[in-house]
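Q: My structure is in query_15.cif, and what it holds is mmCIF, C-alpha atoms:
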data_structure
#
loop_
_atom_site.label_atom_id
_atom_site.label_comp_id
_atom_site.auth_asym_id
_atom_site.auth_seq_id
_atom_site.Cartn_x
_atom_site.Cartn_y
_atom_site.Cartn_z
CA MET A 1 -9.43 0.59 -9.62
CA GLN A 2 -10.83 -2.90 -8.98
CA SER A 3 -11.39 -3.34 -12.71
CA LEU A 4 -7.83 -2.23 -13.45
CA GLU A 5 -6.37 -4.53 -10.79
CA SER A 6 -8.39 -7.54 -11.94
CA GLY A 7 -7.40 -7.04 -15.58
CA GLU A 8 -10.94 -6.35 -16.79
CA TRP A 9 -9.46 -3.36 -18.64
CA ARG A 10 -6.01 -4.18 -19.99
CA PRO A 11 -3.17 -1.72 -20.74
CA GLY A 12 -3.84 0.07 -24.01
CA GLU A 13 -7.54 -0.83 -24.09
CA ALA A 14 -10.36 1.69 -24.03
CA ILE A 15 -12.52 1.77 -20.91
CA PRO A 16 -16.33 2.12 -21.18
CA SER A 17 -17.77 5.56 -21.91
CA GLU A 18 -18.71 7.98 -19.15
CA ILE A 19 -22.39 7.27 -19.83
CA GLU A 20 -21.86 3.52 -19.47
CA LEU A 21 -19.82 3.93 -16.29
CA ALA A 22 -22.39 6.28 -14.78
CA ALA A 23 -25.08 3.66 -15.36
CA ARG A 24 -22.89 0.87 -14.04
CA TYR A 25 -22.05 2.61 -10.77
CA LYS A 26 -25.35 4.48 -10.45
CA VAL A 27 -23.73 7.90 -10.18
CA SER A 28 -23.84 11.07 -12.25
CA GLN A 29 -21.77 11.52 -15.38
CA GLY A 30 -20.00 14.43 -13.68
CA THR A 31 -18.88 12.17 -10.83
CA VAL A 32 -17.51 9.67 -13.35
CA ARG A 33 -15.66 12.43 -15.21
CA LYS A 34 -14.05 13.66 -11.98
CA ALA A 35 -12.94 10.12 -11.08
CA ILE A 36 -11.44 9.62 -14.54
CA ASP A 37 -9.64 12.97 -14.28
CA GLU A 38 -8.07 11.88 -10.98
CA LEU A 39 -6.97 8.53 -12.40
CA ALA A 40 -5.55 10.23 -15.49
CA ALA A 41 -3.59 12.66 -13.29
CA GLU A 42 -2.05 9.66 -11.50
CA ASN A 43 -1.13 7.96 -14.83
CA TYR A 44 -3.59 5.10 -14.50
CA LEU A 45 -5.63 6.27 -17.50
CA LEU A 46 -4.95 8.33 -20.61
CA ARG A 47 -7.47 10.60 -22.35
CA ARG A 48 -7.20 10.81 -26.15
CA GLN A 49 -9.04 13.68 -27.78
CA GLY A 50 -11.92 12.40 -29.91
CA LYS A 51 -11.10 8.74 -29.21
CA GLY A 52 -11.96 8.11 -25.56
CA THR A 53 -10.14 7.09 -22.41
CA PHE A 54 -7.60 4.26 -22.37
CA VAL A 55 -5.69 2.31 -19.76
CA ALA A 56 -2.20 3.81 -19.65
CA THR A 57 0.63 1.68 -20.98
CA HIS A 58 4.43 1.78 -20.84
CA ASP A 59 4.43 1.61 -24.65
CA GLU A 60 3.53 5.29 -24.95
CA ALA A 61 6.25 7.76 -25.89
CA ARG A 62 5.49 9.92 -22.84
CA ALA A 63 6.05 6.93 -20.54
CA GLN A 64 9.61 6.32 -21.71
CA PHE A 65 11.10 8.89 -19.33
CA ARG A 66 8.61 8.62 -16.50
CA PHE A 67 11.00 6.76 -14.20
CA LEU A 68 14.38 7.47 -15.79
CA ARG A 69 15.18 11.08 -14.87
CA LEU A 70 18.68 11.41 -16.28
CA MET A 71 19.13 14.49 -18.47
CA PRO A 72 22.11 15.48 -20.62
CA ASP A 73 24.02 18.64 -19.71
CA GLU A 74 23.64 19.74 -23.32
CA GLY A 75 21.05 18.91 -25.99
CA LYS A 76 17.74 17.08 -25.77
CA GLN A 77 16.73 14.15 -23.61
CA GLU A 78 18.05 10.94 -25.11
CA TYR A 79 16.79 7.40 -25.42
CA ALA A 80 19.04 4.89 -23.71
CA ALA A 81 20.34 1.75 -25.39
CA SER A 82 19.97 -1.15 -22.97
CA ARG A 83 22.88 -3.61 -22.85
CA PHE A 84 21.78 -6.77 -21.05
CA LEU A 85 24.46 -8.51 -18.97
CA ASP A 86 22.77 -11.47 -17.29
CA CYS A 87 19.56 -12.83 -15.75
CA LYS A 88 19.78 -15.33 -12.90
CA ARG A 89 17.67 -16.93 -10.18
CA ALA A 90 18.66 -16.45 -6.56
CA ARG A 91 17.33 -16.55 -3.01
CA ALA A 92 16.10 -13.27 -1.58
CA SER A 93 18.36 -11.69 1.01
CA ALA A 94 16.90 -10.13 4.14
CA GLU A 95 17.06 -6.67 2.49
CA ILE A 96 15.36 -7.75 -0.76
CA SER A 97 12.75 -9.74 1.15
CA ARG A 98 11.84 -6.67 3.19
CA LEU A 99 11.65 -4.35 0.18
CA LEU A 100 9.57 -6.74 -1.96
CA GLU A 101 7.53 -8.09 0.97
CA LEU A 102 8.78 -11.64 0.46
CA ARG A 103 9.93 -14.27 2.90
CA ALA A 104 13.68 -14.61 3.39
CA GLY A 105 14.96 -17.19 0.94
CA ASP A 106 12.10 -16.81 -1.55
CA SER A 107 13.04 -17.01 -5.22
CA VAL A 108 13.94 -13.75 -6.99
CA VAL A 109 15.08 -12.95 -10.51
CA VAL A 110 18.27 -10.87 -10.59
CA ILE A 111 19.01 -8.87 -13.75
CA ARG A 112 22.07 -6.78 -14.54
CA ARG A 113 22.27 -4.34 -17.41
CA VAL A 114 24.05 -1.19 -18.60
CA LEU A 115 22.32 1.79 -20.19
CA ASP A 116 24.32 3.56 -22.88
CA PHE A 117 23.66 7.17 -23.87
CA ALA A 118 25.21 8.27 -27.18
CA GLY A 119 27.41 5.18 -27.06
CA GLU A 120 28.74 5.90 -23.57
CA PRO A 121 27.97 3.54 -20.65
CA THR A 122 26.14 5.78 -18.18
CA VAL A 123 23.98 3.64 -15.85
CA PHE A 124 24.71 0.22 -14.35
CA GLU A 125 21.60 -1.42 -12.86
CA GLN A 126 20.92 -4.42 -10.65
CA ILE A 127 17.23 -5.37 -10.73
CA TYR A 128 15.39 -7.75 -8.38
CA LEU A 129 11.95 -9.22 -9.18
CA PRO A 130 9.73 -11.70 -7.28
CA GLY A 131 10.34 -15.15 -8.71
CA THR A 132 6.69 -16.19 -8.59
CA LEU A 133 5.53 -13.21 -10.67
CA PHE A 134 8.30 -13.60 -13.24
CA ARG A 135 8.58 -17.38 -13.25
CA ASP A 136 9.42 -17.74 -16.96
CA LEU A 137 11.64 -14.67 -17.34
CA SER A 138 14.98 -15.65 -18.88
CA ALA A 139 18.03 -14.25 -20.64
CA ALA A 140 16.62 -15.48 -23.95
CA ILE A 141 13.47 -13.36 -23.52
CA PHE A 142 15.56 -10.24 -22.86
CA ASN A 143 17.79 -10.88 -25.84
CA GLU A 144 14.78 -11.23 -28.17
CA TYR A 145 12.56 -8.44 -26.83
CA LYS A 146 12.96 -5.05 -28.50
CA GLY A 147 10.80 -2.76 -26.33
CA SER A 148 11.36 -1.22 -22.90
CA MET A 149 11.76 -3.42 -19.83
CA TYR A 150 8.56 -2.15 -18.22
CA LYS A 151 6.67 -2.81 -21.45
CA LEU A 152 7.96 -6.39 -21.36
CA PHE A 153 6.78 -6.80 -17.78
CA GLU A 154 3.38 -5.38 -18.74
CA THR A 155 2.71 -7.38 -21.91
CA GLU A 156 4.36 -10.70 -21.10
CA PHE A 157 3.89 -10.98 -17.34
CA GLY A 158 0.77 -8.90 -16.66
CA THR A 159 2.61 -6.65 -14.19
CA ARG A 160 2.33 -2.90 -14.67
CA MET A 161 4.52 -0.49 -12.73
CA ILE A 162 2.23 2.23 -11.39
CA ARG A 163 4.50 4.32 -9.22
CA ALA A 164 7.94 4.23 -7.64
CA GLU A 165 9.81 5.46 -4.58
CA GLU A 166 13.49 6.35 -4.82
CA LYS A 167 16.42 6.98 -2.52
CA ILE A 168 19.45 8.79 -3.93
CA ARG A 169 22.91 9.03 -2.41
CA ALA A 170 26.47 9.72 -3.52
CA VAL A 171 28.84 6.74 -3.63
CA ALA A 172 32.32 5.88 -4.90
CA ALA A 173 32.54 3.47 -7.82
CA ASP A 174 33.57 -0.04 -6.77
CA ALA A 175 35.55 -2.32 -9.07
CA THR A 176 32.49 -3.70 -10.90
CA ALA A 177 30.79 -0.34 -11.50
CA ALA A 178 34.09 1.24 -12.55
CA GLU A 179 34.75 -1.46 -15.14
CA LEU A 180 31.23 -1.44 -16.60
CA LEU A 181 30.92 2.36 -16.68
CA ARG A 182 34.51 2.84 -17.89
CA VAL A 183 35.53 5.20 -15.11
CA PRO A 184 38.38 5.05 -12.57
CA ARG A 185 37.65 3.25 -9.35
CA ASP A 186 36.30 5.57 -6.59
CA THR A 187 34.83 7.96 -9.19
CA PRO A 188 31.81 9.74 -7.62
CA LEU A 189 28.52 8.19 -8.79
CA LEU A 190 24.86 8.61 -7.91
CA CYS A 191 23.34 5.49 -6.40
CA VAL A 192 19.58 5.45 -7.10
CA GLU A 193 17.55 2.80 -5.27
CA ARG A 194 14.01 2.37 -6.55
CA VAL A 195 11.07 0.28 -5.39
CA ALA A 196 8.33 0.09 -8.03
CA PHE A 197 4.73 -0.72 -7.11
CA SER A 198 1.90 -2.26 -9.10
CA TYR A 199 -1.82 -2.02 -8.37
CA GLY A 200 -2.81 -2.29 -4.72
CA GLU A 201 0.52 -0.83 -3.55
CA LYS A 202 2.23 -4.16 -4.22
CA PRO A 203 6.04 -3.88 -4.50
CA VAL A 204 7.09 -5.80 -7.61
CA GLU A 205 10.59 -4.53 -8.37
CA PHE A 206 13.68 -3.25 -6.60
CA ARG A 207 16.52 -1.81 -8.61
CA ARG A 208 19.81 -0.26 -7.63
CA GLY A 209 21.37 1.93 -10.30
CA TYR A 210 24.78 3.56 -10.43
CA TYR A 211 24.73 6.76 -12.51
CA ARG A 212 27.61 8.64 -14.10
CA THR A 213 26.97 12.36 -13.92
CA ASP A 214 29.96 13.79 -15.75
CA ARG A 215 27.71 14.49 -18.76
CA HIS A 216 24.25 14.12 -17.20
CA TYR A 217 22.30 15.29 -14.18
CA TYR A 218 19.32 13.86 -12.30
CA LYS A 219 16.17 15.92 -12.84
CA ASN A 220 13.13 15.81 -10.55
CA GLU A 221 10.00 17.93 -10.79
CA LEU A 222 8.34 18.91 -7.52
CA GLY A 223 4.80 20.10 -7.00
#
What is this file in structure tokens?

A:
Amino acid sequence: MQSLESGEWRPGEAIPSEIELAARYKVSQGTVRKAIDELAAENYLLRRQGKGTFVATHDEARAQFRFLRLMPDEGKQEYAASRFLDCKRARASAEISRLLELRAGDSVVVIRRVLDFAGEPTVFEQIYLPGTLFRDLSAAIFNEYKGSMYKLFETEFGTRMIRAEEKIRAVAADATAAELLRVPRDTPLLCVERVAFSYGEKPVEFRRGYYRTDRHYYKNELG
């Protein structure tokens, strides 16, 4: 974990073999294998048959739906088209400061975007990031980048989202959400609030998403 946190092993790179790690930490190969199994189960590492073990990355196909749990009522799970609205700098409110463990008034990056499924606006998101970690993030970068947002954070800013905590509640669409999602005002929506953590349990993102569920449902797997 210290090697992952320090960047000794970067996302997508292979880690040393079990034999090398056993020698490095002066433990048995079986102990190393068990530790790797645990880290793989928690999505820190990825085993590839016949190739070795690699640091997990948000570029993998299986990672695309790890945090977005919206499923269509009919058909297969879809890839969302991200429609970027704006990216601004602001001062952290008391709420954002608490969630991201910042001081009140610290700089944050505020992003707004809409996710379209099959051409229909389905999710409106407001995303807050610590300004010091994402100092050079701008609207121009978002407009030019073609991959997922978490992949951008990983490759360009060295920040990998390891896990997230969510709160979900039912809300009525306000004027902004109604306009962007093309629904009448006061339409029932799901409000999903997520705090994402990087290595060392460091909160590095808060996002508040408003989800239409007239054609989709929120799926969570327990156990």

Q: Find, counting only C-alpha atoms, the residue in A:Ile162, A:Ile19, A:Leu152, A:Ala80 that gets nearest to Met1 (chain A).

A: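 Nearest to Met1 (chain A): A:Ile162.
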
Q: Quick one: residues within 9 Å of Thr57 (chain A), only C-alpha atoms counted, chain neighbours fewer than 2 positions away excluded, as a ChimeraX atom specification?

A: /A:10-12,43-46,54-55,59-60,63,151,154,160

Q: Which residue, A:Ala177, A:Ala56, A:Leu115, A:Val110, has the smallest gap to Glu78 (chain A) when you use only C-alpha atoms?

A: A:Leu115

Q: Please list as a PyMOL selection string every residue within 12 Å of Glu156 (chain A), counting only C-alpha atoms and excluding residues in the same chain fewer than 2 positions away.

A: chain A and resi 11+133-138+141-142+145+147-154+158-160

Q: Find the residues near Gly30 (chain A): any atom within 9 Å, counting only C-alpha atoms, skip ones fewer than 5 places away on the same chain, and give them as an mmCIF file with C-alpha atoms, keeping the file's coordinate frame.

A:
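Result saved to around_35.cif:
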data_model
loop_
_atom_site.group_PDB
_atom_site.id
_atom_site.type_symbol
_atom_site.label_atom_id
_atom_site.label_comp_id
_atom_site.auth_asym_id
_atom_site.auth_seq_id
_atom_site.Cartn_x
_atom_site.Cartn_y
_atom_site.Cartn_z
ATOM 1 C CA GLU A 18 -18.710 7.980 -19.150
ATOM 2 C CA ALA A 22 -22.390 6.280 -14.780
ATOM 3 C CA ALA A 35 -12.940 10.120 -11.080
#

Q: Between CA of Ala172 (chain A) and CA of Phe197 (chain A), what distance in Å does the model show, to one decimal?

A: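 Pair CA of Ala172 (chain A) / CA of Phe197 (chain A) returns 28.5 Å.
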
Q: Could you jot down the CA of Gly209 (chain A) to CA of Asp174 (chain A) separation for me, Å, one decimal place?

A: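 Going from CA of Gly209 (chain A) over to CA of Asp174 (chain A), I get 12.9 Å.
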
Q: Name all residues at most 10 Å from Leu102 (chain A) (count only C-alpha atoms; drop same-chain ones fewer than 6 positions away) and give them as a list of chain:residue names.

A: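 In the requested format, the answer is A:Ala92, A:Ser93, A:Ala94, A:Glu95, A:Ile96, A:Val108, A:Pro130, A:Gly131, A:Pro203.
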
Q: Save out the residues we just selected, C-alpha atoms, as a PDB file, in the frame of the given file.

A:
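The resulting file, out38.pdb, is reproduced below:
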ATOM      1  CA  ALA A  92      16.100 -13.270  -1.580  1.00  0.00           C
ATOM      2  CA  SER A  93      18.360 -11.690   1.010  1.00  0.00           C
ATOM      3  CA  ALA A  94      16.900 -10.130   4.140  1.00  0.00           C
ATOM      4  CA  GLU A  95      17.060  -6.670   2.490  1.00  0.00           C
ATOM      5  CA  ILE A  96      15.360  -7.750  -0.760  1.00  0.00           C
ATOM      6  CA  VAL A 108      13.940 -13.750  -6.990  1.00  0.00           C
ATOM      7  CA  PRO A 130       9.730 -11.700  -7.280  1.00  0.00           C
ATOM      8  CA  GLY A 131      10.340 -15.150  -8.710  1.00  0.00           C
ATOM      9  CA  PRO A 203       6.040  -3.880  -4.500  1.00  0.00           C
TER      10      PRO A 203
END

Q: Quick one: pull the distance between CA of His216 (chain A) and CA of Glu74 (chain A), Å, one decimal.

A: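 Atom-to-atom, CA of His216 (chain A) to CA of Glu74 (chain A), that is 8.3 Å.
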
Q: Between A:Arg212, A:Arg185, A:Lys88, A:Lys202, which has the minimum distance to Ala173 (chain A) (counting all atoms listed in the file)?

A: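 Distance minimum relative to Ala173 (chain A) lands on A:Arg185.
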
Q: Kindly indicate which residue among A:Val32, A:Ile15, A:Leu85, A:Val183 lies nearest to Arg47 (chain A), using all atoms listed in the file for the distances.

A: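 Ranking A:Val32, A:Ile15, A:Leu85, A:Val183 by distance to Arg47 (chain A), first place goes to A:Ile15.
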
Q: Find, counting all atoms listed in the file, the residue in A:Val195, A:Ala118, A:Ile111, A:Ala41 that gets nearest to Tyr79 (chain A).

A: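 For Tyr79 (chain A), the nearest of the candidates is A:Ala118.
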
Q: Can you translate the PyMOL selection byres ((chain A and resi 90) around 6) into the concrete residues it hits in this file, as a PyMOL selection string?

A: chain A and resi 89+91+107-108

Q: Which residue out of A:Ile36, A:Tyr25, A:Gly200, A:Arg69 has the minimum interatomic distance to Glu221 (chain A) when only C-alpha atoms are used?

A: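 Closest to Glu221 (chain A) of all the choices is A:Arg69.
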
Q: What's around Lys146 (chain A) at 12 Å? Count all atoms listed in the file, leave out sequence neighbours fewer than 6 positions away in its own chain, and write the answer as a list in words.

A: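 My reading of the contact set: Asp59, Ala81, Ser82, Arg83, Phe84, Ala140 and Leu152 of chain A.
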